[in-house]
Protein chains: 4
Amino acid sequence: MLKPRARALGIPFGTYKPGRWNALTDVPGVTVGHTTIVRGEGALKVGKGPVRTGVTAILPNGAKIYDERVIGGGFVLNGAGEVSGLMQVFEWGLIETPILLTNTYAVGQVADATVAYLSERHPEIGRTDDVVLPIVGECDDSFLNDIVGRHVKPEHVVAAIETAATGPVAEGSVGAGTGMMTFEYAGGIGTASRRVTIEGELLDTGTAAATNRFTVGVLVLSNFGRVIDLRIAGFPLGAVLAPKYAGTLKRPVNVGSIITVVATDAPLLSHQLSRLSKRAALGIGRMGSYGSHYSGEIVVAFSTANRVPRKTKRMTTRIEILLDERLDPLYEAVIEATEEAIVNALFAARDMKGVDDHFVPAAPVDDIVSELKTRGFVK
Amino acid sequence: MLKPRARALGIPFGTYKPGRWNALTDVPGVTVGHTTIVRGEGALKVGKGPVRTGVTAILPNGAKIYDERVIGGGFVLNGAGEVSGLMQVFEWGLIETPILLTNTYAVGQVADATVAYLSERHPEIGRTDDVVLPIVGECDDSFLNDIVGRHVKPEHVVAAIETAATGPVAEGSVGAGTGMMTFEYAGGIGTASRRVTIEGELLDTGTAAATNRFTVGVLVLSNFGRVIDLRIAGFPLGAVLAPKYAGTLKRPVNVGSIITVVATDAPLLSHQLSRLSKRAALGIGRMGSYGSHYSGEIVVAFSTANRVPRKTKRMTTRIEILLDERLDPLYEAVIEATEEAIVNALFAARDMKGVDDHFVPAAPVDDIVSELKTRGFVK
Amino acid sequence: MLKPRARALGIPFGTYKPGRWNALTDVPGVTVGHTTIVRGEGALKVGKGPVRTGVTAILPNGAKIYDERVIGGGFVLNGAGEVSGLMQVFEWGLIETPILLTNTYAVGQVADATVAYLSERHPEIGRTDDVVLPIVGECDDSFLNDIVGRHVKPEHVVAAIETAATGPVAEGSVGAGTGMMTFEYAGGIGTASRRVTIEGELLDTGTAAATNRFTVGVLVLSNFGRVIDLRIAGFPLGAVLAPKYAGTLKRPVNVGSIITVVATDAPLLSHQLSRLSKRAALGIGRMGSYGSHYSGEIVVAFSTANRVPRKTKRMTTRIEILLDERLDPLYEAVIEATEEAIVNALFAARDMKGVDDHFVPAAPVDDIVSELKTRGFVK
Amino acid sequence: MLKPRARALGIPFGTYKPGRWNALTDVPGVTVGHTTIVRGEGALKVGKGPVRTGVTAILPNGAKIYDERVIGGGFVLNGAGEVSGLMQVFEWGLIETPILLTNTYAVGQVADATVAYLSERHPEIGRTDDVVLPIVGECDDSFLNDIVGRHVKPEHVVAAIETAATGPVAEGSVGAGTGMMTFEYAGGIGTASRRVTIEGELLDTGTAAATNRFTVGVLVLSNFGRVIDLRIAGFPLGAVLAPKYAGTLKRPVNVGSIITVVATDAPLLSHQLSRLSKRAALGIGRMGSYGSHYSGEIVVAFSTANRVPRKTKRMTTRIEILLDERLDPLYEAVIEATEEAIVNALFAARDMKGVDDHFVPAAPVDDIVSELKTRGFVK
């Protein structure tokens with residue numbers, strides 16, 4: 001049975017309303033799939049396990065992403081990590097593959113499997129001077145997972161892509177987040193969304209932006225933070241929780257990383273998506289991140305509103321874009337959604353035991369809610 | 001009489017201790033000077049006033065900065081503003097002039113006056129192929145100040161530079177902050193500092209880093225935010241204050257800007273200072289900024305630990321630098337100090353009336369403290 | 001009488017044809033104005049002269065630029081210099097003021113004069129929370145000019161803006177280029193243009209891009225290079241010229257800087273203009289620049305095709321843009337035009353004597369052409 | 001038998017002298033290894049071949065690179081490609097793995113194999129919260145190679161790393177360059193070096209920089225350019241060669257990419273290495289690149305002078321670094337070496353036939369030399 005999400009427990013996350021599923025998938029056309037790999041117990045035997053890892057696939061435009069690309073951007077708050085393919089996103093402002101999330105040592109295999117997968121479906125690849133560079137982000141799950149064993153196989157990648165769906169998104173210790181830790185508690189995948197109304201007169205009809213209501217969704221692969229750093233709804237809960245937590249882990253763990261994917265149906269250009277990504281980083285900061293030296297804090301963003309065809313006889317494209325000065329509500333919304341996505345990752349997970357019996361507890365949700373209630377943050 | 005600072009009122013700002021003056025000037029060798037220009041009342045007559053503006057000068061190395069440069073860096077959270085000279089800081093990683101803060105339309109005059117000032121003191125300038133590009137940051141004080149009248153004159157710049165001193169730093173509606181607004185309350189200049197102990201064995205003696213205790217100081221020219229956005233100690237106070245505030249201003253005001261100057265005696269390289277600057281931006285975010293489209297949020301940072309001589313016969317320089325992986329406490333400290341500096345700007349100011357009788361109230365400090373006490377944030 | 005331009009002398013500059021005037025002004029709507037300030041002779045008396053300097057104004061959209069902004073971008077090859085206002089160009093991707101070029105120590109005064117000029121014409125500035133940050137680029141002309149005397153006055157700036165015109169552009173020791181040196185020869189301003197045909201089907205009619213023929217223009221404020229570095233049409237002429245040149249200057253001179261302005265009527269976005277700017281840098285490299293430490297090599301680019309209104313009730317804008325994959329001819333053309341603009345600066349100037357009787361010769365055009373003829377570069 | 005290198009044929013490449021092998025390996029401690037994979041002929045059968053690809057490994061510090069890291073930087077001229085791991089190089093300024101070059105679709109497998117290789121040799125990986133992100137650069141060899149078949153296997157990667165050696169470096173159609181094309185001729189790997197004397201007094205003895213003589217080496221994986229673009233020693237040879245070449249290829253080929261690796265024993269910091277990398281891009285521009293939209297032009301640079309230990313109890317490190325203003329000779333040298341490395345790639349290769357009998361001729365070296373002689377470029 002699913003645990004209740006933070007919002008259902010009364011935790012406040014700002015003023016904008018979430019979308020139907022309060023998830024990245026509230027952005028129409030965006031689908032998410034997870035492959036969770038949990039196998040074995042006990043002492044680490046490299047290549048055998050225990051395995052606590054997985055793959056999460058985000059499809060900005062389903063199976064059509066190769067031919068009908070979306071506009072993309074991003075921001076690197078702290079580049080102590082990897083999102084392969086991001087260099088080309090920054091150069092071209094386009095996303096043309098699924099976005100895959102996984103563990104640090106699976107980046108190569110996941111990139112390879114994605115290349116193979118796309119090539120099978122697009123036989124012109126390799127025959128027409130056309131190639132793709134997959135987007136693969138990572139965090140390090142080695143406290144729980146036999147990372148060196150490299151257990152993510154092509155079928156796991158294919159499964160994550162092919163099961164990607166709209167609707168609610170599984171959170172916590174699932175997909176790429178299976179072996180991840182958020183503020184030293186279990187859980188890696190979280191998501192949230194916001195509905196935003198943008199002011200201003202509409203252009204004539206029939207266009208991508210024939211509305212002034214847009215959705216922004218956030219999905220995090222969260223693997224960062226120490227208990228002491230945790231803030232929820234602004235309140236520095238970490239100071240309250242840390243004394244009880246002390247000694248829980250078998251050995252100290254690095255502060256980790258967080259990969260954030262932002263999606264929106266607002267018609268944004270690449271530089272606007274990069275600006276939006278910077279605001280996602282502010283949301284991470286509000287949760288307690290100080291961008292630790294070892295923490296890869298990287299944001300990728302895309303807009304589904306304008307599709308850029310891979311092949312066209314056209315010289316130009318005509319697109320409708322949101323005026324820069326209209327972006328503020330989206331900036332606020334992405335901060336809220338980022339905070340909520342991280343808390344969702346934290347609240348959804350259950351206790352997790354992994355390599356060498358390393359034990360990572362689920363976050364003490366009841367305690368957290370009770371502490372926030374006492375202080376008037378939760379009614 | 002000075003108003004009590006936020007810390008004295010019990011507002012919590014994290015775990016690191018401030019330096020002696022809880023100011024940028026706690027970094028040894030760093031001095032700060034203000035020129036405050038307040039003149040006239042009533043209706044705006046461009047060129048006549050009313051004038052509510054000024055200049056703030058930060059000297060990283062006193063009168064010697066031209067000859068004995070310091071290492072610098074920075075970060076642009078939202079580049080809707082100007083810090084002249086920053087391009088060269090990013091290229092060379094050096095700061096070789098005072099850092100001046102003023103209003104948007106005084107940047108040209110302040111840059112010109114600084115050039116004149118430096119040239120008088122360094123007669124080789126202009127005779128030996130050597131020039132300097134002054135660093136001048138700005139915010140827009142036109143709600144209170146006759147900005148188009150351009151009332152900042154060379155003598156104001158010289159006074160700010162020449163009166164720069166160590167010790168306590170005046171805050172609130174003073175210097176460049178005279179006509180500024182923070183969360184729609186009066187006040188622009190705030191400062192704070194932190195003492196940080198860095199782990200690790202020291203090298204042998206006699207070097208810049210013959211200690212593991214360092215200071216990081218922050219000074220803000222704060223002119224950003226709406227009441228509704230205000231967070232203090234993480235608590236979203238804005239929602240509480242906004243209803244009472246509604247209708248206070250004669251007309252709506254843009255969300256503004258914030259220029260942040262970070263100083264430290266920790267021996268950092270340029271890229272490390274730029275990383276530190278990114279964390280200052282996280283502090284701005286924690287205060288409630290979402291990096292509004294119109295808000296120039298720009299950080300300049302320098303380290304006083306290593307001096308880079310302007311002229312040398314040497315081929316190389318030998319410097320001692322903090323290892324990247326030791327930086328985390330400085331990252332945390334700069335976030336804390338940035339938050340506190342902004343609150344200090346807010347708490348220090350008094351009511352201010354300016355052009356066209358535009359009235360900007362001082363922040364309701366008693367209310368704020370009381371609200372925070374009720375919620376257990378202040379004991 | 002004007003000296004013949006390099007192209008008329010048979011120097012080859014690639015394969016694309018220039019526009020009517022082979023100048024930045026071939027881009028429809030773009031105007032250029034110069035104020036040249038030459039006064040005094042003999043020994044340098046700071047504040048008296050001799051004066052060999054000036055201002056060059058580039059208006060991307062005439063007097064309407066404040067209200068009807070153009071899309072802009074840029075690239076910093078070596079940031080040892082200043083183009084004030086560029087930070088906001090990078091953030092917003094917009095240019096909303098004239099672009100001014102001048103000497104290093106006039107940046108402040110020129111920025112101030114531009115602010116004053118725009119405020120007079122737009123009285124809402126300073127009354128409605130709206131300000132502008134002028135774009136002012138510089139090179140150091142102190143070998144010939146009393147730079148510390150700061151002789152550029154507001155009337156010079158206004159004159160450059162108000163005399164800006166379409167048609168042929170004066171080159172060499174004129175405007176901001178008056179006291180500048182190119183490869184140690186006299187001359188600073190040069191310009192060139194290219195007509196480019198882009199492949200691909202047109203969209204329907206009546207739009208900015210209802211043609212596939214575009215113009216790209218380049219104007220340089222060139223103040224870089226040693227004789228030895230000079231390459232023309234790829235040929236390393238410097239090695240031939242340097243022995244004859246040796247001893248010409250009274251004292252060694254730094255390698256200097258070059259500010260490059262690129263204009264086009266091709267409908268480009270900001271990131272495309274930044275990519276175009278990078279290619280202008282490749283053109284500078286082909287002329288012999290190695291991006292010397294002290295050489296500020298900075299490119300600003302804009303497209304006149306899409307105007308972005310300052311005030312609009314609209315939420316979105318609909319624009320037609322060139323597809324990224326169609327840009328290659330523009331990349332080639334901007335390299336060619338940059339090379340030709342620099343050679344034009346070199347060939348147009350005459351001998352110049354300045355402060356302390358520093359003498360800078362005109363480039364030996366006949367020798368250069370003759371050397372290139374001998375080697376088959378000129379027919 | 002090896003073909004003579006361009007320098008031996010009299011082609012001029014500037015004024016600095018090359019090192020002993022005129023190769024990247026002239027930088028002491030830097031080793032290079034190739035694995036060349038050539039298998040099969042005739043029609044493309046994905047997964048079967050023909051195979052024309054390989055791996056090139058560059059070891060900045062031999063087997064010790066994981067524990068004794070070097071300082072690194074880079075520059076992206078056109079980011080239409082991938083160098084995985086570069087984000088962390090930019091963030092930390094460190095290189096801690098071998099640098100691998102290969103084809104576009106082998107990036108995943110090569111990254112994976114490198115991770116496995118390093119993990120075997122450093123069993124603490126995955127057990128102590130420590131991971132590495134390998135640096136893998138790519139170009140697209142699909143005109144000649146069954147790229148979709150993904151024929152690069154772990155043993156190829158290991159072989160390239162383990163056979164890495166100092167001394168002469170094989171060039172042309174070898175290693176990662178096996179199936180690559182340079183200006184539409186066969187050949188992908190080229191290398192060159194320069195010896196540079198830096199002015200200035202030495203510090204006291206016993207340090208990394210107890211000399212003022214340094215080496216800068218360049219190795220390219222070159223896969224860019226059309227015949228028409230080719231310039232050698234500045235001369236636009238392409239226009240001469242293109243008519244003869246027309247029709248040679250079975251189908252048009254994209255303009256391709258070039259990955260450039262720069263090594264030096266000069267003691268440089270990360271930002272200095274990034275500046276050096278920009279100058280390598282100028283060298284690529286001088287060869288005829290205009291940075292085509294599809295061409296990934298990416299530079300990675302490192303300095304062997306200062307080692308940064310992975311584990312240390314120290315708080316700081318003391319390093320000796322070249323003063324920024326001393327860098328100019330290195331800037332010039334890296335441009336020269338980049339040009340020569342590309343010509344070496346071009347001159348070393350022989351005719352290559354690959355998938356679907358696609359035929360790529362060797363460059364017509366005799367013709368080229370003869371054309372240059374006629375014009376006085378070669379004596």
# chains A, B, ... in the order shown; residues from 1 in each chain; ligands from 1
>>> residues_around(residues="Gly108 in chain C", least_positions_apart="2", cutoff="6 Å", atoms="only C-alpha atoms", output="ChimeraX atom specification")
/B:108-109,111-112 /C:106,110-111
>>> interface_residues(of="chain B", to="chain D", cutoff="9 Å", atoms="only C-alpha atoms", output="ChimeraX atom specification")
/B:91-93,198-203,209,212,267,270-272,275,308,312-326
>>> atom_distance(atom1="CA of Asp265 in chain A", atom2="CA of Asp204 in chain A")
18.2 Å
>>> select_by_dssp(residues="range 186-339 of chain A", states="strand (DSSP E)", output="MDAnalysis selection string")
chainID A and resid 186 189:197 213:224 256:264 296:309 316:322
>>> closest_residue(among="C:Leu249, C:Ser292, C:Gly177, C:Arg279", to="Gly225 in chain C", atoms="only C-alpha atoms")
C:Ser292
>>> atom_distance(atom1="CA of Ile95 in chain D", atom2="CA of Val152 in chain A")
26.2 Å
>>> residues_around(residues="range 154-167 of chain D", least_positions_apart="2", cutoff="6 Å", atoms="only C-alpha atoms", output="list in words")
Thr25, Thr31, Val32, Gly33, His34, Thr35, Thr56, Ala57 and Ala113 of chain D
>>> write_last_selection(atoms="all heavy atoms", output="tab-separated table (two decimals), in the first residue's frame")
chain	number	residue	atom	x	y	z
D	25	THR	N	53.04	13.04	-26.49
D	25	THR	CA	53.91	12.31	-25.56
D	25	THR	C	55.21	13.05	-25.24
D	25	THR	O	55.98	12.58	-24.40
D	25	THR	CB	54.25	10.92	-26.15
D	25	THR	OG1	54.62	11.13	-27.52
D	25	THR	CG2	53.05	10.00	-26.09
D	31	THR	N	51.16	9.41	-21.77
D	31	THR	CA	51.27	8.25	-22.66
D	31	THR	C	49.99	8.10	-23.49
D	31	THR	O	48.92	8.54	-23.08
D	31	THR	CB	51.52	6.96	-21.86
D	31	THR	OG1	50.51	6.84	-20.85
D	31	THR	CG2	52.88	6.99	-21.18
D	32	VAL	N	50.16	7.48	-24.64
D	32	VAL	CA	49.05	7.31	-25.58
D	32	VAL	C	49.04	5.88	-26.09
D	32	VAL	O	50.09	5.32	-26.41
D	32	VAL	CB	49.20	8.28	-26.78
D	32	VAL	CG1	48.12	8.03	-27.82
D	32	VAL	CG2	49.19	9.73	-26.32
D	33	GLY	N	47.84	5.29	-26.13
D	33	GLY	CA	47.70	3.94	-26.67
D	33	GLY	C	46.53	3.86	-27.64
D	33	GLY	O	45.53	4.57	-27.47
D	34	HIS	N	46.67	3.03	-28.66
D	34	HIS	CA	45.60	2.87	-29.64
D	34	HIS	C	45.16	1.41	-29.69
D	34	HIS	O	45.99	0.51	-29.67
D	34	HIS	CB	46.09	3.19	-31.06
D	34	HIS	CG	46.46	4.62	-31.30
D	34	HIS	ND1	45.62	5.67	-31.09
D	34	HIS	CD2	47.61	5.16	-31.81
D	34	HIS	CE1	46.22	6.81	-31.45
D	34	HIS	NE2	47.44	6.53	-31.88
D	35	THR	N	43.89	1.19	-29.87
D	35	THR	CA	43.38	-0.10	-30.35
D	35	THR	C	42.65	0.16	-31.66
D	35	THR	O	41.70	0.96	-31.69
D	35	THR	CB	42.40	-0.73	-29.34
D	35	THR	OG1	43.06	-0.89	-28.10
D	35	THR	CG2	41.92	-2.08	-29.85
D	56	THR	N	41.33	5.24	-28.61
D	56	THR	CA	42.61	5.86	-28.27
D	56	THR	C	42.55	6.28	-26.81
D	56	THR	O	41.57	6.90	-26.38
D	56	THR	CB	42.89	7.06	-29.17
D	56	THR	OG1	43.06	6.58	-30.52
D	56	THR	CG2	44.15	7.80	-28.75
D	57	ALA	N	43.58	5.90	-26.08
D	57	ALA	CA	43.63	6.24	-24.66
D	57	ALA	C	44.78	7.20	-24.40
D	57	ALA	O	45.89	6.99	-24.89
D	57	ALA	CB	43.83	4.98	-23.82
D	113	ALA	N	33.50	0.22	-19.73
D	113	ALA	CA	34.73	-0.57	-19.63
D	113	ALA	C	35.77	0.16	-18.78
D	113	ALA	O	36.54	-0.47	-18.04
D	113	ALA	CB	35.28	-0.86	-21.02
>>> residues_around(residues="Ser274 in chain A", least_positions_apart="2", cutoff="6 Å", atoms="only C-alpha atoms", output="NGL selection string")
:A and (73-75 or 271-272 or 276-277)
>>> write_last_selection(atoms="all heavy atoms", output="CSV table (one decimal), in the first residue's frame")
chain,number,residue,atom,x,y,z
A,73,GLY,N,16.8,22.8,-22.1
A,73,GLY,CA,17.8,23.6,-21.4
A,73,GLY,C,18.3,23.0,-20.1
A,73,GLY,O,17.9,21.8,-19.8
A,74,GLY,N,19.0,23.7,-19.3
A,74,GLY,CA,19.4,23.1,-18.0
A,74,GLY,C,20.3,24.0,-17.3
A,74,GLY,O,20.6,25.2,-17.7
A,75,PHE,N,20.7,23.6,-16.1
A,75,PHE,CA,21.6,24.4,-15.2
A,75,PHE,C,22.4,23.4,-14.4
A,75,PHE,O,21.9,22.4,-13.9
A,75,PHE,CB,20.8,25.3,-14.4
A,75,PHE,CG,21.6,26.1,-13.4
A,75,PHE,CD1,22.6,26.9,-13.8
A,75,PHE,CD2,21.4,25.9,-12.0
A,75,PHE,CE1,23.4,27.6,-12.9
A,75,PHE,CE2,22.2,26.6,-11.1
A,75,PHE,CZ,23.2,27.5,-11.5
A,271,HIS,N,16.9,29.2,-23.7
A,271,HIS,CA,17.5,30.1,-22.6
A,271,HIS,C,16.4,30.3,-21.5
A,271,HIS,O,16.8,30.4,-20.3
A,271,HIS,CB,18.0,31.4,-23.2
A,271,HIS,CG,17.0,32.4,-23.4
A,271,HIS,ND1,16.2,32.5,-24.5
A,271,HIS,CD2,16.6,33.5,-22.6
A,271,HIS,CE1,15.4,33.5,-24.4
A,271,HIS,NE2,15.6,34.2,-23.3
A,272,GLN,N,15.2,30.2,-21.8
A,272,GLN,CA,14.2,30.4,-20.8
A,272,GLN,C,14.1,29.1,-19.9
A,272,GLN,O,13.9,29.2,-18.7
A,272,GLN,CB,12.8,30.6,-21.4
A,272,GLN,CG,12.7,32.0,-22.1
A,272,GLN,CD,11.4,32.2,-22.9
A,272,GLN,OE1,10.9,31.2,-23.5
A,272,GLN,NE2,10.9,33.4,-22.9
A,276,LEU,N,14.7,28.7,-16.0
A,276,LEU,CA,13.7,27.9,-15.1
A,276,LEU,C,14.5,26.9,-14.3
A,276,LEU,O,14.3,26.7,-13.1
A,276,LEU,CB,12.7,27.2,-16.0
A,276,LEU,CG,11.5,26.7,-15.4
A,276,LEU,CD1,10.6,27.7,-14.8
A,276,LEU,CD2,10.6,25.9,-16.5
A,277,SER,N,15.5,26.3,-14.9
A,277,SER,CA,16.3,25.3,-14.2
A,277,SER,C,17.1,25.9,-13.1
A,277,SER,O,17.3,25.3,-12.0
A,277,SER,CB,17.3,24.7,-15.2
A,277,SER,OG,16.7,24.1,-16.3
>>> residues_around(residues="Ile189 in chain B", least_positions_apart="2", cutoff="7 Å", atoms="only C-alpha atoms", output="ChimeraX atom specification")
/B:171-174,177,187,191,220-222,345
>>> closest_residue(among="C:Tyr245, C:Ile259, C:Glu297, C:Tyr66", to="Pro123 in chain C", atoms="only C-alpha atoms")
C:Tyr66
>>> atom_distance(atom1="CA of Asp129 in chain D", atom2="CA of Pro60 in chain D")
24.1 Å
>>> select_by_dssp(residues="range 101-162 of chain A", states="alpha helix (DSSP H)", output="list in words")
Val107, Gly108, Gln109, Val110, Ala111, Asp112, Ala113, Thr114, Val115, Ala116, Tyr117, Leu118, Ser119, Glu120, Arg121, Pro154, Glu155, His156, Val157, Val158, Ala159, Ala160, Ile161 and Glu162 of chain A
>>> residues_around(residues="Ile228 in chain B", least_positions_apart="2", cutoff="8 Å", atoms="only C-alpha atoms", output="PDB file with all heavy atoms, in the first residue's frame")
ATOM      1  N   PHE B 183      12.080  43.685   0.150  1.00  0.00           N
ATOM      2  CA  PHE B 183      10.741  43.137   0.372  1.00  0.00           C
ATOM      3  C   PHE B 183       9.723  44.263   0.573  1.00  0.00           C
ATOM      4  O   PHE B 183       8.846  44.179   1.431  1.00  0.00           O
ATOM      5  CB  PHE B 183      10.744  42.163   1.559  1.00  0.00           C
ATOM      6  CG  PHE B 183      11.564  40.941   1.276  1.00  0.00           C
ATOM      7  CD1 PHE B 183      12.840  40.790   1.809  1.00  0.00           C
ATOM      8  CD2 PHE B 183      11.104  39.951   0.432  1.00  0.00           C
ATOM      9  CE1 PHE B 183      13.606  39.666   1.539  1.00  0.00           C
ATOM     10  CE2 PHE B 183      11.870  38.819   0.152  1.00  0.00           C
ATOM     11  CZ  PHE B 183      13.118  38.684   0.706  1.00  0.00           C
ATOM     12  N   ARG B 226       9.055  41.095  -2.926  1.00  0.00           N
ATOM     13  CA  ARG B 226       7.765  41.635  -2.516  1.00  0.00           C
ATOM     14  C   ARG B 226       7.511  41.160  -1.088  1.00  0.00           C
ATOM     15  O   ARG B 226       8.031  40.118  -0.671  1.00  0.00           O
ATOM     16  CB  ARG B 226       6.666  41.092  -3.435  1.00  0.00           C
ATOM     17  CG  ARG B 226       6.868  41.421  -4.905  1.00  0.00           C
ATOM     18  CD  ARG B 226       6.008  40.521  -5.766  1.00  0.00           C
ATOM     19  NE  ARG B 226       6.265  39.123  -5.412  1.00  0.00           N
ATOM     20  CZ  ARG B 226       5.703  38.078  -6.026  1.00  0.00           C
ATOM     21  NH1 ARG B 226       4.855  38.284  -7.029  1.00  0.00           N
ATOM     22  NH2 ARG B 226       5.983  36.844  -5.663  1.00  0.00           N
ATOM     23  N   LEU B 230       8.691  37.255   1.519  1.00  0.00           N
ATOM     24  CA  LEU B 230       9.665  37.277   2.622  1.00  0.00           C
ATOM     25  C   LEU B 230       9.642  36.004   3.467  1.00  0.00           C
ATOM     26  O   LEU B 230       8.591  35.552   3.920  1.00  0.00           O
ATOM     27  CB  LEU B 230       9.384  38.494   3.520  1.00  0.00           C
ATOM     28  CG  LEU B 230      10.248  38.591   4.792  1.00  0.00           C
ATOM     29  CD1 LEU B 230      11.724  38.731   4.452  1.00  0.00           C
ATOM     30  CD2 LEU B 230       9.786  39.753   5.649  1.00  0.00           C
ATOM     31  N   LEU B 237       7.140  34.377   6.370  1.00  0.00           N
ATOM     32  CA  LEU B 237       6.486  35.493   7.050  1.00  0.00           C
ATOM     33  C   LEU B 237       5.657  36.361   6.114  1.00  0.00           C
ATOM     34  O   LEU B 237       4.716  37.039   6.548  1.00  0.00           O
ATOM     35  CB  LEU B 237       7.557  36.386   7.676  1.00  0.00           C
ATOM     36  CG  LEU B 237       7.790  36.225   9.159  1.00  0.00           C
ATOM     37  CD1 LEU B 237       8.948  37.104   9.581  1.00  0.00           C
ATOM     38  CD2 LEU B 237       6.526  36.593   9.932  1.00  0.00           C
ATOM     39  N   GLY B 238       6.054  36.359   4.831  1.00  0.00           N
ATOM     40  CA  GLY B 238       5.377  37.233   3.885  1.00  0.00           C
ATOM     41  C   GLY B 238       3.870  37.062   3.893  1.00  0.00           C
ATOM     42  O   GLY B 238       3.122  38.039   3.824  1.00  0.00           O
ATOM     43  N   ALA B 239       3.444  35.823   4.016  1.00  0.00           N
ATOM     44  CA  ALA B 239       1.999  35.570   3.992  1.00  0.00           C
ATOM     45  C   ALA B 239       1.310  36.238   5.166  1.00  0.00           C
ATOM     46  O   ALA B 239       0.147  36.640   5.077  1.00  0.00           O
ATOM     47  CB  ALA B 239       1.746  34.054   4.004  1.00  0.00           C
ATOM     48  N   LEU B 241       2.541  39.047   6.742  1.00  0.00           N
ATOM     49  CA  LEU B 241       2.688  40.502   6.658  1.00  0.00           C
ATOM     50  C   LEU B 241       1.915  41.121   5.505  1.00  0.00           C
ATOM     51  O   LEU B 241       1.504  42.288   5.583  1.00  0.00           O
ATOM     52  CB  LEU B 241       4.170  40.865   6.510  1.00  0.00           C
ATOM     53  CG  LEU B 241       5.099  40.385   7.632  1.00  0.00           C
ATOM     54  CD1 LEU B 241       6.552  40.700   7.280  1.00  0.00           C
ATOM     55  CD2 LEU B 241       4.726  41.053   8.961  1.00  0.00           C
ATOM     56  N   ALA B 242       1.756  40.374   4.424  1.00  0.00           N
ATOM     57  CA  ALA B 242       1.216  40.967   3.202  1.00  0.00           C
ATOM     58  C   ALA B 242      -0.156  41.614   3.394  1.00  0.00           C
ATOM     59  O   ALA B 242      -0.394  42.717   2.889  1.00  0.00           O
ATOM     60  CB  ALA B 242       1.186  39.930   2.084  1.00  0.00           C
TER      61      ALA B 242
END
>>> residues_around(residues="Tyr294 in chain D", least_positions_apart="5", cutoff="8 Å", atoms="only C-alpha atoms", output="CSV table (one decimal) with all heavy atoms, in the first residue's frame")
chain,number,residue,atom,x,y,z
C,325,GLU,N,20.1,24.1,-38.2
C,325,GLU,CA,20.9,23.4,-39.2
C,325,GLU,C,21.1,24.1,-40.5
C,325,GLU,O,21.8,23.7,-41.4
C,325,GLU,CB,20.3,22.0,-39.4
C,325,GLU,CG,18.9,22.0,-39.9
C,325,GLU,CD,17.9,21.8,-38.7
C,325,GLU,OE1,18.1,22.4,-37.6
C,325,GLU,OE2,16.9,21.1,-38.9
D,80,ALA,N,28.1,20.1,-30.4
D,80,ALA,CA,27.3,19.1,-31.1
D,80,ALA,C,28.1,17.8,-31.0
D,80,ALA,O,28.4,17.2,-32.0
D,80,ALA,CB,27.1,19.5,-32.5
D,254,ASN,N,28.3,14.6,-43.5
D,254,ASN,CA,28.3,15.7,-42.6
D,254,ASN,C,29.7,16.3,-42.3
D,254,ASN,O,30.7,15.6,-42.6
D,254,ASN,CB,27.6,15.4,-41.3
D,254,ASN,CG,26.2,15.8,-41.2
D,254,ASN,OD1,25.7,16.5,-42.1
D,254,ASN,ND2,25.4,15.2,-40.3
D,255,VAL,N,29.7,17.5,-41.9
D,255,VAL,CA,31.0,18.1,-41.7
D,255,VAL,C,31.8,17.5,-40.6
D,255,VAL,O,33.0,17.7,-40.4
D,255,VAL,CB,30.8,19.6,-41.5
D,255,VAL,CG1,32.1,20.4,-41.5
D,255,VAL,CG2,30.0,20.1,-42.7
D,256,GLY,N,31.1,16.8,-39.7
D,256,GLY,CA,31.9,16.0,-38.7
D,256,GLY,C,32.3,16.8,-37.5
D,256,GLY,O,31.6,17.7,-37.1
D,257,SER,N,33.3,16.3,-36.8
D,257,SER,CA,33.6,16.8,-35.5
D,257,SER,C,35.2,16.8,-35.3
D,257,SER,O,35.9,16.1,-36.1
D,257,SER,CB,33.0,16.0,-34.4
D,257,SER,OG,31.6,16.1,-34.5
